[in-house]
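The file upload13.pdb comes next; it holds PDB, C-alpha atoms.
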```pdb
ATOM      1  CA  MET A1497     127.408  69.023  73.645
ATOM      2  CA  SER A1498     129.907  71.101  75.614
ATOM      3  CA  ARG A1499     127.842  74.255  74.985
ATOM      4  CA  VAL A1500     124.664  72.462  76.025
ATOM      5  CA  LYS A1501     126.319  71.369  79.283
ATOM      6  CA  ASP A1502     127.472  74.951  79.915
ATOM      7  CA  PHE A1503     123.936  76.219  79.328
ATOM      8  CA  LEU A1504     122.327  73.602  81.617
ATOM      9  CA  LYS A1505     124.870  74.348  84.340
ATOM     10  CA  PHE A1506     124.385  78.105  83.893
ATOM     11  CA  VAL A1507     120.620  77.915  84.475
ATOM     12  CA  LYS A1508     120.921  75.130  87.106
ATOM     13  CA  ILE A1509     118.372  72.948  85.337
ATOM     14  CA  GLU A1510     118.251  70.530  88.297
ATOM     15  CA  HIS A1511     116.753  73.308  90.452
ATOM     16  CA  THR A1512     114.071  73.848  87.814
ATOM     17  CA  VAL A1513     113.046  70.178  87.976
ATOM     18  CA  PHE A1514     113.127  70.516  91.778
ATOM     19  CA  ASP A1515     110.562  73.370  91.730
ATOM     20  CA  LEU A1516     108.100  72.002  89.144
ATOM     21  CA  PRO A1517     106.259  69.618  91.523
ATOM     22  CA  PHE A1518     104.986  72.656  93.425
ATOM     23  CA  ALA A1519     103.433  74.112  90.285
ATOM     24  CA  TYR A1520     101.734  70.749  89.749
ATOM     25  CA  ALA A1521     100.669  70.790  93.414
ATOM     26  CA  GLY A1522      98.812  74.062  92.826
ATOM     27  CA  MET A1523      97.166  72.535  89.760
ATOM     28  CA  LEU A1524      96.137  69.407  91.703
ATOM     29  CA  LEU A1525      94.703  71.502  94.535
ATOM     30  CA  TYR A1526      92.301  72.999  91.991
ATOM     31  CA  GLY A1527      91.512  69.487  90.787
ATOM     32  CA  LYS A1528      90.499  70.117  87.172
ATOM     33  CA  PHE A1529      93.033  70.077  84.352
ATOM     34  CA  THR A1530      93.821  68.648  80.936
ATOM     35  CA  ILE A1531      96.971  67.342  79.249
ATOM     36  CA  ILE A1532      97.321  70.772  77.581
ATOM     37  CA  THR A1533      97.184  72.418  81.025
ATOM     38  CA  ILE A1534      99.975  70.148  82.284
ATOM     39  CA  ILE A1535     102.139  70.882  79.212
ATOM     40  CA  LEU A1536     101.637  74.660  79.457
ATOM     41  CA  ILE A1537     102.294  74.725  83.230
ATOM     42  CA  THR A1538     105.463  72.706  82.606
ATOM     43  CA  ILE A1539     106.670  75.173  79.951
ATOM     44  CA  ALA A1540     105.742  78.131  82.159
ATOM     45  CA  GLY A1541     107.479  76.637  85.212
ATOM     46  CA  ILE A1542     110.695  75.810  83.364
ATOM     47  CA  SER A1543     110.905  79.118  81.475
ATOM     48  CA  ALA A1544     110.137  81.191  84.614
ATOM     49  CA  ARG A1545     112.814  79.376  86.623
ATOM     50  CA  VAL A1546     115.367  79.779  83.821
ATOM     51  CA  ALA A1547     114.576  83.505  83.579
ATOM     52  CA  GLY A1548     114.913  83.891  87.348
ATOM     53  CA  MET A1549     118.262  82.103  87.437
ATOM     54  CA  VAL A1550     119.672  84.173  84.546
ATOM     55  CA  ILE A1551     118.532  87.411  86.207
ATOM     56  CA  ASN A1552     120.293  86.355  89.410
ATOM     57  CA  ARG A1553     123.497  85.459  87.557
ATOM     58  CA  ILE A1554     123.566  88.788  85.677
ATOM     59  CA  GLU A1555     122.824  90.822  88.806
ATOM     60  CA  ASP A1556     125.402  88.906  90.867
ATOM     61  CA  TYR A1557     128.176  89.091  88.247
ATOM     62  CA  PRO A1558     130.156  91.903  89.968
ATOM     63  CA  ILE A1559     130.162  89.886  93.214
ATOM     64  CA  ASP A1560     130.645  86.476  91.589
ATOM     65  CA  LYS A1561     133.874  87.511  89.909
ATOM     66  CA  LEU A1562     135.328  88.478  93.322
ATOM     67  CA  ASN A1563     134.039  85.528  95.347
ATOM     68  CA  PRO A1564     136.504  82.575  95.301
ATOM     69  CA  ARG A1565     133.597  80.089  95.382
ATOM     70  CA  THR A1566     131.832  81.557  92.337
ATOM     71  CA  ARG A1567     134.733  82.561  90.099
ATOM     72  CA  GLU A1568     134.168  79.481  87.943
ATOM     73  CA  ARG A1569     130.562  80.330  87.118
ATOM     74  CA  GLU A1570     129.904  80.372  83.398
ATOM     75  CA  LEU A1571     129.241  84.112  83.091
ATOM     76  CA  VAL A1572     132.447  84.952  84.982
ATOM     77  CA  THR A1573     134.679  82.595  82.967
ATOM     78  CA  GLY A1574     133.136  83.630  79.656
ATOM     79  CA  LYS A1575     131.721  80.183  78.835
ATOM     80  CA  ILE A1576     128.418  82.026  78.614
ATOM     81  CA  ARG A1577     128.728  85.542  77.211
ATOM     82  CA  PHE A1578     126.548  88.431  78.328
ATOM     83  CA  ARG A1579     124.751  88.678  74.985
ATOM     84  CA  GLU A1580     123.945  84.963  75.255
ATOM     85  CA  ALA A1581     122.699  85.431  78.820
ATOM     86  CA  TYR A1582     120.412  88.277  77.744
ATOM     87  CA  ALA A1583     119.192  86.203  74.782
ATOM     88  CA  ILE A1584     118.352  83.310  77.131
ATOM     89  CA  LEU A1585     116.580  85.764  79.456
ATOM     90  CA  LEU A1586     114.540  87.267  76.605
ATOM     91  CA  ILE A1587     113.533  83.896  75.126
ATOM     92  CA  SER A1588     112.622  82.349  78.489
ATOM     93  CA  SER A1589     110.624  85.450  79.522
ATOM     94  CA  ILE A1590     108.660  85.420  76.237
ATOM     95  CA  LEU A1591     108.008  81.674  76.552
ATOM     96  CA  PHE A1592     106.807  82.174  80.109
ATOM     97  CA  GLU A1593     104.437  84.990  79.182
ATOM     98  CA  LEU A1594     103.069  83.168  76.113
ATOM     99  CA  SER A1595     102.439  79.922  77.989
ATOM    100  CA  ALA A1596     100.781  81.874  80.827
ATOM    101  CA  ILE A1597      98.492  83.714  78.377
ATOM    102  CA  MET A1598      97.590  80.423  76.681
ATOM    103  CA  LEU A1599      96.562  79.015  80.061
ATOM    104  CA  ASN A1600      94.125  81.848  80.824
ATOM    105  CA  PHE A1601      93.811  85.634  81.023
ATOM    106  CA  LEU A1602      94.501  85.934  84.761
ATOM    107  CA  SER A1603      97.609  83.768  84.487
ATOM    108  CA  GLY A1604      98.943  85.988  81.690
ATOM    109  CA  LEU A1605      98.150  89.094  83.729
ATOM    110  CA  PHE A1606     100.123  87.909  86.774
ATOM    111  CA  ALA A1607     103.077  86.431  84.871
ATOM    112  CA  PRO A1608     105.085  89.708  84.677
ATOM    113  CA  LEU A1609     104.659  90.151  88.452
ATOM    114  CA  LEU A1610     106.406  86.818  89.034
ATOM    115  CA  LEU A1611     109.295  87.924  86.822
ATOM    116  CA  LEU A1612     109.402  91.180  88.785
ATOM    117  CA  LEU A1613     110.001  89.181  91.989
ATOM    118  CA  PHE A1614     113.043  87.596  90.336
ATOM    119  CA  TYR A1615     114.359  91.064  89.414
ATOM    120  CA  ILE A1616     113.871  92.359  92.953
ATOM    121  CA  TYR A1617     115.415  89.384  94.790
ATOM    122  CA  PRO A1618     119.127  90.128  94.065
ATOM    123  CA  LYS A1619     118.610  93.675  95.351
ATOM    124  CA  THR A1620     117.358  92.413  98.742
ATOM    125  CA  LYS A1621     120.694  90.813  99.667
ATOM    126  CA  LYS A1622     121.925  94.009 101.324
ATOM    127  CA  ILE A1623     118.793  94.325 103.477
ATOM    128  CA  PRO A1624     119.143  92.477 106.813
ATOM    129  CA  ILE A1625     117.388  89.067 106.906
ATOM    130  CA  ILE A1626     114.881  89.933 104.153
ATOM    131  CA  SER A1627     116.672  88.154 101.296
ATOM    132  CA  HIS A1628     116.096  84.645 102.715
ATOM    133  CA  ILE A1629     112.352  85.200 103.090
ATOM    134  CA  PHE A1630     112.087  86.991  99.738
ATOM    135  CA  LEU A1631     113.819  84.135  97.911
ATOM    136  CA  GLY A1632     111.493  81.645  99.591
ATOM    137  CA  PHE A1633     108.457  83.778  98.705
ATOM    138  CA  SER A1634     109.575  84.072  95.058
ATOM    139  CA  ILE A1635     109.520  80.277  94.842
ATOM    140  CA  GLY A1636     106.534  79.817  97.167
ATOM    141  CA  VAL A1637     104.212  81.668  94.793
ATOM    142  CA  ILE A1638     104.761  78.798  92.311
ATOM    143  CA  VAL A1639     101.989  76.922  94.158
ATOM    144  CA  ILE A1640      99.596  79.851  93.687
ATOM    145  CA  ALA A1641     100.698  80.243  90.055
ATOM    146  CA  GLY A1642      99.964  76.551  89.383
ATOM    147  CA  TYR A1643      96.468  76.946  90.825
ATOM    148  CA  ILE A1644      95.748  80.090  88.788
ATOM    149  CA  GLY A1645      97.191  78.440  85.664
ATOM    150  CA  ALA A1646      94.727  75.560  85.996
ATOM    151  CA  SER A1647      91.705  77.530  87.220
ATOM    152  CA  GLY A1648      91.914  81.077  85.896
ATOM    153  CA  ILE A1649      90.747  82.394  89.270
ATOM    154  CA  ILE A1650      92.331  83.634  92.519
ATOM    155  CA  PRO A1651      92.693  80.659  94.905
ATOM    156  CA  TYR A1652      89.989  80.350  97.548
ATOM    157  CA  ASP A1653      91.405  77.120  99.011
ATOM    158  CA  CYS A1654      93.454  77.842 102.161
ATOM    159  CA  ASP A1655      95.617  74.774 101.439
ATOM    160  CA  VAL A1656      97.157  76.638  98.484
ATOM    161  CA  TYR A1657      98.384  79.384 100.796
ATOM    162  CA  TYR A1658      99.476  76.964 103.525
ATOM    163  CA  LEU A1659     101.634  75.116 101.011
ATOM    164  CA  ALA A1660     103.016  78.379  99.584
ATOM    165  CA  ILE A1661     103.999  79.617 103.068
ATOM    166  CA  PHE A1662     105.565  76.240 103.882
ATOM    167  CA  LEU A1663     107.629  76.522 100.704
ATOM    168  CA  THR A1664     108.623  80.107 101.548
ATOM    169  CA  PHE A1665     110.127  79.199 104.919
ATOM    170  CA  TRP A1666     111.542  75.844 103.867
ATOM    171  CA  ILE A1667     113.488  77.455 100.994
ATOM    172  CA  GLY A1668     114.349  80.432 103.225
ATOM    173  CA  GLY A1669     115.795  78.042 105.814
ATOM    174  CA  PHE A1670     117.915  76.284 103.236
ATOM    175  CA  ASP A1671     119.116  79.646 101.914
ATOM    176  CA  ILE A1672     120.436  80.498 105.389
ATOM    177  CA  VAL A1673     122.557  77.329 105.269
ATOM    178  CA  TYR A1674     123.602  78.044 101.671
ATOM    179  CA  GLN A1675     124.662  81.612 102.443
ATOM    180  CA  ASN A1676     126.739  80.479 105.409
ATOM    181  CA  GLN A1677     129.427  79.120 103.091
ATOM    182  CA  ASP A1678     130.045  82.683 101.800
ATOM    183  CA  ARG A1679     129.837  84.340 105.217
ATOM    184  CA  GLU A1680     133.383  85.754 105.366
ATOM    185  CA  PHE A1681     133.287  87.027 101.798
ATOM    186  CA  ASP A1682     129.794  88.515 102.216
ATOM    187  CA  LYS A1683     131.074  90.658 105.091
ATOM    188  CA  THR A1684     133.475  92.388 102.684
ATOM    189  CA  VAL A1685     130.739  93.275 100.151
ATOM    190  CA  ASN A1686     128.112  94.354 102.712
ATOM    191  CA  ILE A1687     125.665  91.495 102.173
ATOM    192  CA  LYS A1688     123.413  91.378 105.252
ATOM    193  CA  SER A1689     122.535  87.672 105.393
ATOM    194  CA  ILE A1690     121.601  85.926 108.649
ATOM    195  CA  PRO A1691     124.951  84.037 108.709
ATOM    196  CA  VAL A1692     126.797  87.371 108.491
ATOM    197  CA  ILE A1693     124.660  89.020 111.186
ATOM    198  CA  LEU A1694     124.979  86.027 113.555
ATOM    199  CA  ASN A1695     128.588  85.276 112.634
ATOM    200  CA  GLY A1696     127.837  81.743 111.462
ATOM    201  CA  LYS A1697     125.555  80.697 114.329
ATOM    202  CA  ILE A1698     122.800  79.532 112.000
ATOM    203  CA  LEU A1699     121.285  76.562 113.843
ATOM    204  CA  PHE A1700     118.643  78.540 115.763
ATOM    205  CA  PRO A1701     117.370  80.769 112.886
ATOM    206  CA  THR A1702     117.230  77.756 110.562
ATOM    207  CA  PHE A1703     115.271  75.854 113.218
ATOM    208  CA  VAL A1704     112.826  78.804 113.525
ATOM    209  CA  PHE A1705     112.301  78.889 109.750
ATOM    210  CA  TYR A1706     111.629  75.130 109.748
ATOM    211  CA  LEU A1707     109.294  75.470 112.724
ATOM    212  CA  ILE A1708     107.161  78.006 110.824
ATOM    213  CA  ALA A1709     107.310  75.795 107.723
ATOM    214  CA  THR A1710     106.180  72.769 109.793
ATOM    215  CA  PHE A1711     103.246  74.691 111.299
ATOM    216  CA  PHE A1712     101.821  75.500 107.867
ATOM    217  CA  LEU A1713     102.538  72.001 106.578
ATOM    218  CA  ILE A1714     100.477  70.601 109.466
ATOM    219  CA  LEU A1715      97.651  73.037 108.646
ATOM    220  CA  TYR A1716      97.834  71.792 105.046
ATOM    221  CA  SER A1717      97.568  68.154 106.179
ATOM    222  CA  LEU A1718      94.678  68.586 108.659
ATOM    223  CA  GLY A1719      91.757  66.283 107.953
ATOM    224  CA  SER A1720      93.670  64.007 105.598
ATOM    225  CA  LEU A1721      95.445  60.879 106.853
ATOM    226  CA  TRP A1722      96.786  60.346 103.338
ATOM    227  CA  ARG A1723      98.540  63.719 103.342
ATOM    228  CA  LEU A1724      99.842  63.139 106.854
ATOM    229  CA  PHE A1725     101.283  59.765 105.800
ATOM    230  CA  PHE A1726     103.517  61.461 103.223
ATOM    231  CA  LEU A1727     104.240  64.615 105.218
ATOM    232  CA  ILE A1728     105.649  62.978 108.356
ATOM    233  CA  PRO A1729     108.797  61.989 106.381
ATOM    234  CA  VAL A1730     109.023  65.593 105.131
ATOM    235  CA  ILE A1731     109.068  66.915 108.703
ATOM    236  CA  LEU A1732     111.621  64.297 109.759
ATOM    237  CA  LEU A1733     113.891  65.234 106.848
ATOM    238  CA  LEU A1734     113.734  68.926 107.814
ATOM    239  CA  TYR A1735     114.804  68.424 111.402
ATOM    240  CA  TYR A1736     117.162  65.489 110.942
ATOM    241  CA  ARG A1737     119.409  67.561 108.693
ATOM    242  CA  LEU A1738     119.877  70.103 111.503
ATOM    243  CA  PHE A1739     122.141  67.595 113.254
ATOM    244  CA  TYR A1740     124.583  67.899 110.325
ATOM    245  CA  ILE A1741     124.251  71.611 109.626
ATOM    246  CA  TYR A1742     127.815  72.398 110.741
ATOM    247  CA  SER A1743     129.542  69.162 109.758
ATOM    248  CA  TRP A1744     128.272  68.529 106.202
ATOM    249  CA  SER A1745     128.731  70.547 103.020
ATOM    250  CA  VAL A1746     125.772  72.369 101.468
ATOM    251  CA  ASP A1747     125.777  69.942  98.523
ATOM    252  CA  LYS A1748     125.497  66.984 100.878
ATOM    253  CA  LEU A1749     122.760  68.637 102.946
ATOM    254  CA  PHE A1750     120.815  69.207  99.710
ATOM    255  CA  TYR A1751     120.176  65.437  99.537
ATOM    256  CA  PHE A1752     117.775  65.812 102.469
ATOM    257  CA  ASP A1753     115.648  68.165 100.342
ATOM    258  CA  ILE A1754     115.422  66.108  97.150
ATOM    259  CA  PRO A1755     112.513  63.841  98.253
ATOM    260  CA  ILE A1756     110.419  66.692  99.707
ATOM    261  CA  PRO A1757     108.742  68.082  96.524
ATOM    262  CA  PHE A1758     107.854  64.574  95.389
ATOM    263  CA  LEU A1759     106.468  63.521  98.789
ATOM    264  CA  ILE A1760     104.221  66.585  98.759
ATOM    265  CA  LEU A1761     103.111  65.799  95.206
ATOM    266  CA  LEU A1762     102.333  62.202  96.244
ATOM    267  CA  SER A1763     100.253  63.516  99.160
ATOM    268  CA  LEU A1764      97.974  65.137  96.562
ATOM    269  CA  LEU A1765      97.998  62.412  93.938
TER     270      LEU A1765
END
```
Please rewrite the model in this file as structure tokens.
Amino acid sequence: MSRVKDFLKFVKIEHTVFDLPFAYAGMLLYGKFTIITIILITIAGISARVAGMVINRIEDYPIDKLNPRTRERELVTGKIRFREAYAILLISSILFELSAIMLNFLSGLFAPLLLLLFYIYPKTKKIPIISHIFLGFSIGVIVIAGYIGASGIIPYDCDVYYLAIFLTFWIGGFDIVYQNQDREFDKTVNIKSIPVILNGKILFPTFVFYLIATFFLILYSLGSLWRLFFLIPVILLLYYRLFYIYSWSVDKLFYFDIPIPFLILLSLL
């Protein structure tokens, strides 16, 4: 049980559950699916997220072992060994590709490109500003992937892209707040995050990211009172948390985000 807990903590399984509703959102936007489709999208979503997290942990290992906040991560302490991390990466990548192929040809064709985004993301952290948007984009494409997984075709529905762009800037905005806790350390290792560039003055850039996210969320909700009913609380949650951006910890601020994926899913159901 101790090893299982180490594994679940290593891959941050709670973040995987947090992202899955957006894969289902893409599927629901297509509108046609079976129980098998749901099962395969679930396997693909979980395995892709696990692979992405392991890639990030392996790539960040040299920095994590120096950063006081991350020295207790499982790869640094040895609770998870490198050969185990690579084994998890290999298994999750194979599971992702197989489940994508079983969904349809196009899904299988695009699956490696999604994994490639996860490989690229850690390398963007030393490029000014880009890393926040790239992380958001890497997760935002989950909506498009869910649609392709259910349909086997490139999305023609603008709502798919509106939701993906919303997700990109919402996650990017949270990443600005998340990175702020490592601001002083990041300066020493040449990470060019927004908190480093602006010396911790993150309220305005976070607000801008949320403003862009809100614009595309409104576009997504146009013409549907049902969607708007569920999305007004989403918008309120985004902006209300800005009042606590300097006074609350990142973990506490995360509570504002927990309802958002499920509210968006309800707007489609």
Check: So which residues touch A:Thr1512 within 10 Å, counting all atoms listed in the file, skipping near sequence neighbours fewer than 6 positions away, as a PyMOL selection string?
Finding: chain A and resi 1541-1546+1549
Margin query: Assuming the chain letters and numbering stay as they are in my file, what does the PyMOL selection byres ((chain A and resi 1603) around 12) actually select? List them as a VMD selection string.
Written below: chain A and resid 1533 1536 to 1537 1540 1592 to 1602 1604 to 1610 1638 1640 to 1651
Margin query: Let me make sure I understand: among A:Ile1687, A:Leu1727, A:Ala1547, A:Leu1764, which one has the smallest atom-to-atom distance to A:Ala1521 if we use only C-alpha atoms?
Written below: A:Leu1764
Checklist line | Who sits within 9 Å of stretch 1692-1699 of chain A, only C-alpha atoms, same chain under 4 positions skipped, as number ranges by chain | finding: A: 1624-1625, 1672-1673, 1675-1680, 1682-1683, 1687-1688, 1703-1704, 1738, 1741-1742
Notebook entry, point to check: Just so the selection is clear, what residues does the PyMOL selection byres ((chain A and resi 1713) around 8) cover here, as a list in words?
Noted result: Tyr1658, Leu1659, Phe1662, Ala1709, Thr1710, Phe1711, Phe1712, Ile1714, Leu1715, Tyr1716, Ser1717 and Leu1727 of chain A
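For the residues A:Thr1664, A:Ser1498, A:Thr1684, A:Thr1620, ranking by smallest atom-to-atom distance to A:Lys1575 using only C-alpha atoms places A:Ser1498 first.
If you measure from each of A:Leu1562, A:Leu1631, A:Leu1734, A:Ile1554 to A:Ile1584 using only C-alpha atoms, the closest one turns out to be A:Ile1554.
Across the structure, atom CA of A:Ser1588 and atom CA of A:Leu1611 are spaced 10.6 Å apart.
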The PyMOL selection byres ((chain A and resi 1503-1510) around 7) on the file shown: which residues, as a CSV table (one decimal) with C-alpha atoms, keeping the file's coordinate frame?
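Result file out.csv:
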```csv
chain,number,residue,atom,x,y,z
A,1499,ARG,CA,127.8,74.3,75.0
A,1500,VAL,CA,124.7,72.5,76.0
A,1501,LYS,CA,126.3,71.4,79.3
A,1502,ASP,CA,127.5,75.0,79.9
A,1511,HIS,CA,116.8,73.3,90.5
A,1512,THR,CA,114.1,73.8,87.8
A,1513,VAL,CA,113.0,70.2,88.0
A,1514,PHE,CA,113.1,70.5,91.8
A,1546,VAL,CA,115.4,79.8,83.8
A,1549,MET,CA,118.3,82.1,87.4
A,1550,VAL,CA,119.7,84.2,84.5
A,1570,GLU,CA,129.9,80.4,83.4
```
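For the atom pair formed by atom CA of A:Trp1666 and atom CA of A:Tyr1615, the distance is 21.2 Å, given to one decimal.
Atom to atom, atom CA of A:Asp1753 and atom CA of A:Phe1739 stand 14.5 Å apart.
If all atoms listed in the file are the atoms counted, then among A:Ala1660, A:Ser1763, A:Tyr1736, A:Phe1681 the closest residue to A:Pro1564 is A:Phe1681.
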Notebook entry, point to check: From the set A:Ser1743, A:Ile1535, A:Leu1762, A:Pro1701, which residue has the shortest atom-to-atom contact distance to A:Phe1725, counting only C-alpha atoms?
Noted result: A:Leu1762
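With all atoms listed in the file as the atoms that count, the minimum distance from A:Cys1654 to the choices A:Gly1548, A:Lys1622, A:Leu1718, A:Tyr1582 is reached by A:Leu1718.
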